[in-house]
Amino acid sequence: MKIGVEINQLSEEFLREYPASQYPELMCKQGRPYSCLLLDLDLDFGYIICIPYRSSIRHKNAFLFTGTERSRRTQSGLDYSKMVLVQKKSYLNGQNVVVDQDEYNETIRNIQRIAGEAVAYIEGYVSHVSGTKPLHPRAYERKYRFSTLPYFKDVLGL
């Protein structure tokens, strides 16, 4: 699988079209941009996966850093449950974003795993919602209760 990788932030246009008052699970608020890992996969999805870097994650739906300075103090990583599916390039601010070098290095070393886990997280949601592989209600709650994916049903064709 060919993976295009970039670190970016969501644009003001995205923040206007997805206000926190209507989309409370999104990890973006006015005046506080979140750095995201953008994955452009060669799978003809029609969207780019945007996974936010977080300094404190308390669930298993994430890639947790293990060898970084911040991970020694808190469970930092990339949060799959807060991913954004971007179809419009104007939803990205287009500027290069800086993240901690050790987190960037661990991200790149594990990019195949991260991409695979992100796609599996999305596919699990789609399979449940479409009814092809429904999860037990408790399993669904644990995995998708606070997920942003319901905000992108149109992007996912659901």
# chains A, B, ... in the order shown; residues from 1 in each chain; ligands from 1
call {"tool": "residues_around", "arguments": {"residues": "A:Cys50", "least_positions_apart": "3", "cutoff": "9 Å", "atoms": "only C-alpha atoms", "output": "ChimeraX atom specification"}}
result
/A:7-10,36-40,80,82-86
call {"tool": "write_last_selection", "arguments": {"atoms": "N, CA, C and O atoms", "output": "PDB file, in the first residue's frame"}}
result
ATOM      1  N   ILE A   7       2.125  16.144   7.977  1.00  0.00           N
ATOM      2  CA  ILE A   7       1.628  16.661   9.253  1.00  0.00           C
ATOM      3  C   ILE A   7       1.009  18.016   8.933  1.00  0.00           C
ATOM      4  O   ILE A   7       1.628  18.847   8.291  1.00  0.00           O
ATOM      5  N   ASN A   8      -0.228  18.224   9.381  1.00  0.00           N
ATOM      6  CA  ASN A   8      -0.930  19.453   9.039  1.00  0.00           C
ATOM      7  C   ASN A   8      -1.928  19.783  10.136  1.00  0.00           C
ATOM      8  O   ASN A   8      -2.002  19.080  11.141  1.00  0.00           O
ATOM      9  N   GLN A   9      -2.687  20.851   9.912  1.00  0.00           N
ATOM     10  CA  GLN A   9      -3.771  21.232  10.811  1.00  0.00           C
ATOM     11  C   GLN A   9      -5.012  21.509   9.975  1.00  0.00           C
ATOM     12  O   GLN A   9      -4.912  21.803   8.781  1.00  0.00           O
ATOM     13  N   LEU A  10      -6.161  21.419  10.605  1.00  0.00           N
ATOM     14  CA  LEU A  10      -7.409  21.719   9.920  1.00  0.00           C
ATOM     15  C   LEU A  10      -7.547  23.230   9.780  1.00  0.00           C
ATOM     16  O   LEU A  10      -7.119  23.992  10.648  1.00  0.00           O
ATOM     17  N   CYS A  36      -2.229  17.141  13.094  1.00  0.00           N
ATOM     18  CA  CYS A  36      -2.765  15.865  12.630  1.00  0.00           C
ATOM     19  C   CYS A  36      -1.812  15.185  11.673  1.00  0.00           C
ATOM     20  O   CYS A  36      -1.112  15.840  10.900  1.00  0.00           O
ATOM     21  N   LEU A  37      -1.831  13.865  11.720  1.00  0.00           N
ATOM     22  CA  LEU A  37      -1.144  13.056  10.728  1.00  0.00           C
ATOM     23  C   LEU A  37      -2.126  12.844   9.592  1.00  0.00           C
ATOM     24  O   LEU A  37      -3.239  12.361   9.803  1.00  0.00           O
ATOM     25  N   LEU A  38      -1.740  13.252   8.388  1.00  0.00           N
ATOM     26  CA  LEU A  38      -2.580  13.040   7.207  1.00  0.00           C
ATOM     27  C   LEU A  38      -2.087  11.803   6.489  1.00  0.00           C
ATOM     28  O   LEU A  38      -0.905  11.680   6.181  1.00  0.00           O
ATOM     29  N   LEU A  39      -3.007  10.886   6.221  1.00  0.00           N
ATOM     30  CA  LEU A  39      -2.696   9.682   5.459  1.00  0.00           C
ATOM     31  C   LEU A  39      -3.488   9.706   4.172  1.00  0.00           C
ATOM     32  O   LEU A  39      -4.723   9.674   4.191  1.00  0.00           O
ATOM     33  N   ASP A  40      -2.788   9.790   3.074  1.00  0.00           N
ATOM     34  CA  ASP A  40      -3.418   9.708   1.764  1.00  0.00           C
ATOM     35  C   ASP A  40      -3.058   8.332   1.214  1.00  0.00           C
ATOM     36  O   ASP A  40      -1.945   8.105   0.750  1.00  0.00           O
ATOM     37  N   TYR A  80      -7.335   7.369  16.936  1.00  0.00           N
ATOM     38  CA  TYR A  80      -8.199   6.959  15.827  1.00  0.00           C
ATOM     39  C   TYR A  80      -9.647   7.380  16.053  1.00  0.00           C
ATOM     40  O   TYR A  80     -10.369   7.675  15.097  1.00  0.00           O
ATOM     41  N   LYS A  82     -10.821  10.049  17.085  1.00  0.00           N
ATOM     42  CA  LYS A  82     -11.040  11.470  16.789  1.00  0.00           C
ATOM     43  C   LYS A  82     -10.602  11.845  15.378  1.00  0.00           C
ATOM     44  O   LYS A  82     -10.419  13.017  15.066  1.00  0.00           O
ATOM     45  N   MET A  83     -10.458  10.850  14.497  1.00  0.00           N
ATOM     46  CA  MET A  83     -10.002  11.146  13.139  1.00  0.00           C
ATOM     47  C   MET A  83     -11.064  11.911  12.356  1.00  0.00           C
ATOM     48  O   MET A  83     -12.255  11.839  12.647  1.00  0.00           O
ATOM     49  N   VAL A  84     -10.591  12.643  11.377  1.00  0.00           N
ATOM     50  CA  VAL A  84     -11.426  13.412  10.463  1.00  0.00           C
ATOM     51  C   VAL A  84     -11.170  12.871   9.063  1.00  0.00           C
ATOM     52  O   VAL A  84     -10.028  12.568   8.711  1.00  0.00           O
ATOM     53  N   LEU A  85     -12.232  12.747   8.279  1.00  0.00           N
ATOM     54  CA  LEU A  85     -12.098  12.302   6.896  1.00  0.00           C
ATOM     55  C   LEU A  85     -12.247  13.530   6.005  1.00  0.00           C
ATOM     56  O   LEU A  85     -13.307  14.146   5.953  1.00  0.00           O
ATOM     57  N   VAL A  86     -11.180  13.907   5.328  1.00  0.00           N
ATOM     58  CA  VAL A  86     -11.103  15.158   4.579  1.00  0.00           C
ATOM     59  C   VAL A  86     -11.245  14.890   3.087  1.00  0.00           C
ATOM     60  O   VAL A  86     -10.441  14.156   2.510  1.00  0.00           O
TER      61      VAL A  86
END
call {"tool": "select_by_dssp", "arguments": {"residues": "stretch 7-158 of chain A", "states": "strand (DSSP E or B)", "output": "NGL selection string"}}
result
:A and (7-10 or 29 or 32 or 35-41 or 48-54 or 62-64 or 77-79 or 84-86 or 92)
call {"tool": "closest_residue", "arguments": {"among": "A:Asp79, A:Glu25, A:Glu69, A:Glu17", "to": "A:Ile49", "atoms": "only C-alpha atoms"}}
result
A:Asp79
call {"tool": "residues_around", "arguments": {"residues": "stretch 100-106 of chain A", "least_positions_apart": "3", "cutoff": "7 Å", "atoms": "only C-alpha atoms", "output": "list of chain:residue names"}}
result
A:Thr68, A:Arg109, A:Asn110
call {"tool": "write_last_selection", "arguments": {"atoms": "N, CA and C atoms", "output": "PDB file, in the first residue's frame"}}
result
ATOM      1  N   THR A  68       8.944   7.984  23.339  1.00  0.00           N
ATOM      2  CA  THR A  68       9.103   9.432  23.220  1.00  0.00           C
ATOM      3  C   THR A  68       9.179  10.081  24.594  1.00  0.00           C
ATOM      4  N   ARG A 109       8.387   5.465  11.635  1.00  0.00           N
ATOM      5  CA  ARG A 109       8.828   4.070  11.795  1.00  0.00           C
ATOM      6  C   ARG A 109       7.647   3.099  11.810  1.00  0.00           C
ATOM      7  N   ASN A 110       6.497   3.561  12.251  1.00  0.00           N
ATOM      8  CA  ASN A 110       5.328   2.692  12.404  1.00  0.00           C
ATOM      9  C   ASN A 110       4.197   3.030  11.436  1.00  0.00           C
TER      10      ASN A 110
END
call {"tool": "residues_around", "arguments": {"residues": "A:Gly94", "least_positions_apart": "2", "cutoff": "9 Å", "atoms": "only C-alpha atoms", "output": "list in words"}}
result
Asn8, Gln9, Leu10, Ser11, Lys89, Ser90, Tyr91, Leu92, Asn96 and Val97 of chain A
call {"tool": "residues_around", "arguments": {"residues": "A:Tyr23", "least_positions_apart": "2", "cutoff": "12 Å", "atoms": "only C-alpha atoms", "output": "ChimeraX atom specification"}}
result
/A:14-21,25-29,82,84,146-152
call {"tool": "residues_around", "arguments": {"residues": "A:Leu41", "least_positions_apart": "2", "cutoff": "9 Å", "atoms": "only C-alpha atoms", "output": "ChimeraX atom specification"}}
result
/A:1-5,39,43-45,47-49,115
call {"tool": "write_last_selection", "arguments": {"atoms": "all heavy atoms", "output": "compact mmCIF listing (two decimals), in the first residue's frame"}}
result
# COMPACT_ATOMS: atom_id res chain seq x y z
N MET A 1 0.84 -1.17 0.00
CA MET A 1 0.00 0.00 0.00
C MET A 1 0.89 1.24 0.00
O MET A 1 1.78 1.38 0.83
CB MET A 1 -0.90 -0.05 1.25
CG MET A 1 -1.58 1.23 1.57
SD MET A 1 -2.73 1.27 3.01
CE MET A 1 -2.39 -0.13 3.99
N LYS A 2 0.65 2.13 -0.92
CA LYS A 2 1.39 3.39 -1.00
C LYS A 2 0.72 4.38 -0.05
O LYS A 2 -0.50 4.54 -0.05
CB LYS A 2 1.35 3.93 -2.43
CG LYS A 2 2.11 5.21 -2.60
CD LYS A 2 1.99 5.71 -4.03
CE LYS A 2 2.44 7.15 -4.07
NZ LYS A 2 1.65 7.96 -4.94
N ILE A 3 1.53 5.05 0.78
CA ILE A 3 0.99 5.96 1.79
C ILE A 3 1.64 7.33 1.63
O ILE A 3 2.86 7.46 1.73
CB ILE A 3 1.28 5.44 3.21
CG1 ILE A 3 0.73 4.02 3.38
CG2 ILE A 3 0.69 6.38 4.25
CD1 ILE A 3 1.16 3.37 4.68
N GLY A 4 0.82 8.34 1.38
CA GLY A 4 1.28 9.72 1.41
C GLY A 4 1.15 10.22 2.84
O GLY A 4 0.08 10.08 3.45
N VAL A 5 2.22 10.78 3.39
CA VAL A 5 2.23 11.21 4.79
C VAL A 5 2.56 12.69 4.87
O VAL A 5 3.46 13.17 4.19
CB VAL A 5 3.29 10.41 5.60
CG1 VAL A 5 3.36 10.89 7.03
CG2 VAL A 5 2.99 8.93 5.55
N LEU A 39 -3.01 10.89 6.22
CA LEU A 39 -2.70 9.68 5.46
C LEU A 39 -3.49 9.71 4.17
O LEU A 39 -4.72 9.67 4.19
CB LEU A 39 -3.06 8.42 6.26
CG LEU A 39 -2.33 8.20 7.57
CD1 LEU A 39 -2.88 6.96 8.26
CD2 LEU A 39 -0.84 8.06 7.34
N LEU A 43 -5.82 3.82 -2.03
CA LEU A 43 -6.90 2.83 -2.01
C LEU A 43 -8.18 3.38 -2.63
O LEU A 43 -9.23 2.78 -2.50
CB LEU A 43 -7.18 2.38 -0.56
CG LEU A 43 -6.03 1.67 0.12
CD1 LEU A 43 -6.37 1.40 1.59
CD2 LEU A 43 -5.71 0.35 -0.58
N ASP A 44 -8.12 4.53 -3.26
CA ASP A 44 -9.26 5.11 -3.96
C ASP A 44 -10.44 5.37 -3.03
O ASP A 44 -11.59 5.15 -3.39
CB ASP A 44 -9.68 4.18 -5.12
CG ASP A 44 -10.23 4.97 -6.30
OD1 ASP A 44 -10.04 6.19 -6.32
OD2 ASP A 44 -10.87 4.35 -7.16
N PHE A 45 -10.16 5.82 -1.81
CA PHE A 45 -11.21 6.13 -0.84
C PHE A 45 -11.96 7.41 -1.21
O PHE A 45 -13.13 7.55 -0.92
CB PHE A 45 -10.63 6.34 0.56
CG PHE A 45 -10.25 5.07 1.28
CD1 PHE A 45 -9.23 5.09 2.21
CD2 PHE A 45 -10.90 3.88 1.06
CE1 PHE A 45 -8.88 3.94 2.91
CE2 PHE A 45 -10.56 2.73 1.74
CZ PHE A 45 -9.55 2.76 2.67
N TYR A 47 -10.98 10.28 0.08
CA TYR A 47 -10.75 11.16 1.21
C TYR A 47 -9.37 10.89 1.80
O TYR A 47 -8.77 9.86 1.56
CB TYR A 47 -11.82 11.01 2.29
CG TYR A 47 -11.99 9.61 2.84
CD1 TYR A 47 -11.15 9.11 3.84
CD2 TYR A 47 -13.00 8.78 2.38
CE1 TYR A 47 -11.30 7.83 4.34
CE2 TYR A 47 -13.17 7.50 2.88
CZ TYR A 47 -12.32 7.03 3.86
OH TYR A 47 -12.48 5.75 4.35
N ILE A 48 -8.91 11.86 2.58
CA ILE A 48 -7.66 11.74 3.31
C ILE A 48 -8.01 11.53 4.78
O ILE A 48 -8.92 12.17 5.32
CB ILE A 48 -6.81 13.02 3.15
CG1 ILE A 48 -6.40 13.20 1.69
CG2 ILE A 48 -5.59 13.00 4.06
CD1 ILE A 48 -5.76 14.54 1.38
N ILE A 49 -7.31 10.63 5.42
CA ILE A 49 -7.52 10.36 6.85
C ILE A 49 -6.64 11.33 7.64
O ILE A 49 -5.44 11.41 7.42
CB ILE A 49 -7.16 8.91 7.19
CG1 ILE A 49 -8.03 7.94 6.38
CG2 ILE A 49 -7.31 8.66 8.69
CD1 ILE A 49 -7.58 6.49 6.48
N ALA A 115 -1.40 3.13 9.53
CA ALA A 115 -2.34 3.16 8.41
C ALA A 115 -3.27 1.95 8.46
O ALA A 115 -4.49 2.09 8.28
CB ALA A 115 -1.58 3.20 7.08
call {"tool": "decode", "arguments": {"residues": "stretch 70-104 of chain A", "atoms": "N, CA, C and O atoms", "output": "PDB file, in the first residue's frame"}}
result
ATOM      1  N   ARG A  70       7.462  12.643  25.747  1.00  0.00           N
ATOM      2  CA  ARG A  70       6.127  12.875  26.305  1.00  0.00           C
ATOM      3  C   ARG A  70       5.491  11.574  26.795  1.00  0.00           C
ATOM      4  O   ARG A  70       4.783  11.561  27.794  1.00  0.00           O
ATOM      5  N   SER A  71       5.738  10.460  26.099  1.00  0.00           N
ATOM      6  CA  SER A  71       5.119   9.188  26.484  1.00  0.00           C
ATOM      7  C   SER A  71       5.643   8.682  27.830  1.00  0.00           C
ATOM      8  O   SER A  71       5.013   7.819  28.440  1.00  0.00           O
ATOM      9  N   ARG A  72       6.743   9.227  28.300  1.00  0.00           N
ATOM     10  CA  ARG A  72       7.251   8.857  29.623  1.00  0.00           C
ATOM     11  C   ARG A  72       6.428   9.515  30.736  1.00  0.00           C
ATOM     12  O   ARG A  72       6.432   9.059  31.873  1.00  0.00           O
ATOM     13  N   ARG A  73       5.728  10.610  30.396  1.00  0.00           N
ATOM     14  CA  ARG A  73       4.928  11.350  31.375  1.00  0.00           C
ATOM     15  C   ARG A  73       3.436  11.042  31.252  1.00  0.00           C
ATOM     16  O   ARG A  73       2.713  11.113  32.239  1.00  0.00           O
ATOM     17  N   THR A  74       2.970  10.763  30.044  1.00  0.00           N
ATOM     18  CA  THR A  74       1.543  10.567  29.795  1.00  0.00           C
ATOM     19  C   THR A  74       1.379   9.652  28.585  1.00  0.00           C
ATOM     20  O   THR A  74       2.333   9.431  27.852  1.00  0.00           O
ATOM     21  N   GLN A  75       0.184   9.135  28.372  1.00  0.00           N
ATOM     22  CA  GLN A  75      -0.039   8.245  27.226  1.00  0.00           C
ATOM     23  C   GLN A  75      -0.356   9.076  25.993  1.00  0.00           C
ATOM     24  O   GLN A  75      -1.510   9.306  25.657  1.00  0.00           O
ATOM     25  N   SER A  76       0.679   9.513  25.310  1.00  0.00           N
ATOM     26  CA  SER A  76       0.486  10.303  24.094  1.00  0.00           C
ATOM     27  C   SER A  76       0.436   9.382  22.883  1.00  0.00           C
ATOM     28  O   SER A  76       0.907   8.245  22.926  1.00  0.00           O
ATOM     29  N   GLY A  77      -0.165   9.893  21.819  1.00  0.00           N
ATOM     30  CA  GLY A  77      -0.239   9.088  20.602  1.00  0.00           C
ATOM     31  C   GLY A  77      -1.137   9.701  19.553  1.00  0.00           C
ATOM     32  O   GLY A  77      -1.429  10.904  19.576  1.00  0.00           O
ATOM     33  N   LEU A  78      -1.586   8.864  18.639  1.00  0.00           N
ATOM     34  CA  LEU A  78      -2.492   9.243  17.557  1.00  0.00           C
ATOM     35  C   LEU A  78      -3.847   8.608  17.849  1.00  0.00           C
ATOM     36  O   LEU A  78      -3.944   7.393  18.012  1.00  0.00           O
ATOM     37  N   ASP A  79      -4.875   9.428  17.920  1.00  0.00           N
ATOM     38  CA  ASP A  79      -6.198   8.980  18.373  1.00  0.00           C
ATOM     39  C   ASP A  79      -7.109   8.671  17.187  1.00  0.00           C
ATOM     40  O   ASP A  79      -7.627   9.567  16.544  1.00  0.00           O
ATOM     41  N   TYR A  80      -7.335   7.369  16.936  1.00  0.00           N
ATOM     42  CA  TYR A  80      -8.199   6.959  15.827  1.00  0.00           C
ATOM     43  C   TYR A  80      -9.647   7.380  16.053  1.00  0.00           C
ATOM     44  O   TYR A  80     -10.369   7.675  15.097  1.00  0.00           O
ATOM     45  N   SER A  81     -10.098   7.423  17.286  1.00  0.00           N
ATOM     46  CA  SER A  81     -11.496   7.745  17.551  1.00  0.00           C
ATOM     47  C   SER A  81     -11.824   9.205  17.231  1.00  0.00           C
ATOM     48  O   SER A  81     -12.992   9.559  17.092  1.00  0.00           O
ATOM     49  N   LYS A  82     -10.821  10.049  17.085  1.00  0.00           N
ATOM     50  CA  LYS A  82     -11.040  11.470  16.789  1.00  0.00           C
ATOM     51  C   LYS A  82     -10.602  11.845  15.378  1.00  0.00           C
ATOM     52  O   LYS A  82     -10.419  13.017  15.066  1.00  0.00           O
ATOM     53  N   MET A  83     -10.458  10.850  14.497  1.00  0.00           N
ATOM     54  CA  MET A  83     -10.002  11.146  13.139  1.00  0.00           C
ATOM     55  C   MET A  83     -11.064  11.911  12.356  1.00  0.00           C
ATOM     56  O   MET A  83     -12.255  11.839  12.647  1.00  0.00           O
ATOM     57  N   VAL A  84     -10.591  12.643  11.377  1.00  0.00           N
ATOM     58  CA  VAL A  84     -11.426  13.412  10.463  1.00  0.00           C
ATOM     59  C   VAL A  84     -11.170  12.871   9.063  1.00  0.00           C
ATOM     60  O   VAL A  84     -10.028  12.568   8.711  1.00  0.00           O
ATOM     61  N   LEU A  85     -12.232  12.747   8.279  1.00  0.00           N
ATOM     62  CA  LEU A  85     -12.098  12.302   6.896  1.00  0.00           C
ATOM     63  C   LEU A  85     -12.247  13.530   6.005  1.00  0.00           C
ATOM     64  O   LEU A  85     -13.307  14.146   5.953  1.00  0.00           O
ATOM     65  N   VAL A  86     -11.180  13.907   5.328  1.00  0.00           N
ATOM     66  CA  VAL A  86     -11.103  15.158   4.579  1.00  0.00           C
ATOM     67  C   VAL A  86     -11.245  14.890   3.087  1.00  0.00           C
ATOM     68  O   VAL A  86     -10.441  14.156   2.510  1.00  0.00           O
ATOM     69  N   GLN A  87     -12.276  15.504   2.481  1.00  0.00           N
ATOM     70  CA  GLN A  87     -12.441  15.408   1.031  1.00  0.00           C
ATOM     71  C   GLN A  87     -11.966  16.677   0.324  1.00  0.00           C
ATOM     72  O   GLN A  87     -11.553  16.623  -0.813  1.00  0.00           O
ATOM     73  N   LYS A  88     -12.062  17.806   1.009  1.00  0.00           N
ATOM     74  CA  LYS A  88     -11.713  19.087   0.402  1.00  0.00           C
ATOM     75  C   LYS A  88     -10.330  19.533   0.894  1.00  0.00           C
ATOM     76  O   LYS A  88     -10.109  19.636   2.095  1.00  0.00           O
ATOM     77  N   LYS A  89      -9.440  19.797  -0.033  1.00  0.00           N
ATOM     78  CA  LYS A  89      -8.094  20.281   0.335  1.00  0.00           C
ATOM     79  C   LYS A  89      -8.169  21.589   1.123  1.00  0.00           C
ATOM     80  O   LYS A  89      -7.301  21.878   1.937  1.00  0.00           O
ATOM     81  N   SER A  90      -9.236  22.362   0.892  1.00  0.00           N
ATOM     82  CA  SER A  90      -9.378  23.630   1.608  1.00  0.00           C
ATOM     83  C   SER A  90      -9.644  23.422   3.096  1.00  0.00           C
ATOM     84  O   SER A  90      -9.597  24.372   3.868  1.00  0.00           O
ATOM     85  N   TYR A  91      -9.917  22.192   3.529  1.00  0.00           N
ATOM     86  CA  TYR A  91     -10.095  21.894   4.952  1.00  0.00           C
ATOM     87  C   TYR A  91      -8.759  21.782   5.679  1.00  0.00           C
ATOM     88  O   TYR A  91      -8.721  21.638   6.893  1.00  0.00           O
ATOM     89  N   LEU A  92      -7.661  21.830   4.930  1.00  0.00           N
ATOM     90  CA  LEU A  92      -6.319  21.769   5.516  1.00  0.00           C
ATOM     91  C   LEU A  92      -5.687  23.140   5.402  1.00  0.00           C
ATOM     92  O   LEU A  92      -5.845  23.819   4.384  1.00  0.00           O
ATOM     93  N   ASN A  93      -4.927  23.534   6.417  1.00  0.00           N
ATOM     94  CA  ASN A  93      -4.386  24.890   6.377  1.00  0.00           C
ATOM     95  C   ASN A  93      -3.185  25.030   5.455  1.00  0.00           C
ATOM     96  O   ASN A  93      -2.757  26.131   5.163  1.00  0.00           O
ATOM     97  N   GLY A  94      -2.622  23.935   4.998  1.00  0.00           N
ATOM     98  CA  GLY A  94      -1.563  23.991   3.994  1.00  0.00           C
ATOM     99  C   GLY A  94      -0.197  24.397   4.507  1.00  0.00           C
ATOM    100  O   GLY A  94       0.749  24.499   3.739  1.00  0.00           O
ATOM    101  N   GLN A  95      -0.068  24.640   5.785  1.00  0.00           N
ATOM    102  CA  GLN A  95       1.220  25.029   6.341  1.00  0.00           C
ATOM    103  C   GLN A  95       1.895  23.807   6.936  1.00  0.00           C
ATOM    104  O   GLN A  95       1.240  22.895   7.414  1.00  0.00           O
ATOM    105  N   ASN A  96       3.208  23.812   6.891  1.00  0.00           N
ATOM    106  CA  ASN A  96       3.932  22.742   7.565  1.00  0.00           C
ATOM    107  C   ASN A  96       3.792  22.928   9.069  1.00  0.00           C
ATOM    108  O   ASN A  96       3.907  24.032   9.579  1.00  0.00           O
ATOM    109  N   VAL A  97       3.517  21.849   9.738  1.00  0.00           N
ATOM    110  CA  VAL A  97       3.292  21.881  11.176  1.00  0.00           C
ATOM    111  C   VAL A  97       4.419  21.110  11.851  1.00  0.00           C
ATOM    112  O   VAL A  97       4.849  20.068  11.367  1.00  0.00           O
ATOM    113  N   VAL A  98       4.848  21.611  12.965  1.00  0.00           N
ATOM    114  CA  VAL A  98       5.932  20.971  13.704  1.00  0.00           C
ATOM    115  C   VAL A  98       5.337  20.174  14.865  1.00  0.00           C
ATOM    116  O   VAL A  98       4.490  20.668  15.604  1.00  0.00           O
ATOM    117  N   VAL A  99       5.767  18.911  14.978  1.00  0.00           N
ATOM    118  CA  VAL A  99       5.445  18.089  16.144  1.00  0.00           C
ATOM    119  C   VAL A  99       6.777  17.680  16.760  1.00  0.00           C
ATOM    120  O   VAL A  99       7.835  17.841  16.148  1.00  0.00           O
ATOM    121  N   ASP A 100       6.731  17.148  17.965  1.00  0.00           N
ATOM    122  CA  ASP A 100       7.965  16.705  18.601  1.00  0.00           C
ATOM    123  C   ASP A 100       8.713  15.746  17.678  1.00  0.00           C
ATOM    124  O   ASP A 100       8.111  14.837  17.101  1.00  0.00           O
ATOM    125  N   GLN A 101      10.004  15.951  17.546  1.00  0.00           N
ATOM    126  CA  GLN A 101      10.805  15.144  16.618  1.00  0.00           C
ATOM    127  C   GLN A 101      10.739  13.660  16.944  1.00  0.00           C
ATOM    128  O   GLN A 101      10.622  12.828  16.056  1.00  0.00           O
ATOM    129  N   ASP A 102      10.786  13.306  18.230  1.00  0.00           N
ATOM    130  CA  ASP A 102      10.761  11.888  18.583  1.00  0.00           C
ATOM    131  C   ASP A 102       9.395  11.257  18.268  1.00  0.00           C
ATOM    132  O   ASP A 102       9.314  10.107  17.854  1.00  0.00           O
ATOM    133  N   GLU A 103       8.307  12.039  18.398  1.00  0.00           N
ATOM    134  CA  GLU A 103       6.983  11.530  18.024  1.00  0.00           C
ATOM    135  C   GLU A 103       6.880  11.374  16.508  1.00  0.00           C
ATOM    136  O   GLU A 103       6.303  10.406  16.016  1.00  0.00           O
ATOM    137  N   TYR A 104       7.439  12.328  15.780  1.00  0.00           N
ATOM    138  CA  TYR A 104       7.441  12.221  14.321  1.00  0.00           C
ATOM    139  C   TYR A 104       8.224  10.978  13.885  1.00  0.00           C
ATOM    140  O   TYR A 104       7.761  10.208  13.046  1.00  0.00           O
TER     141      TYR A 104
END
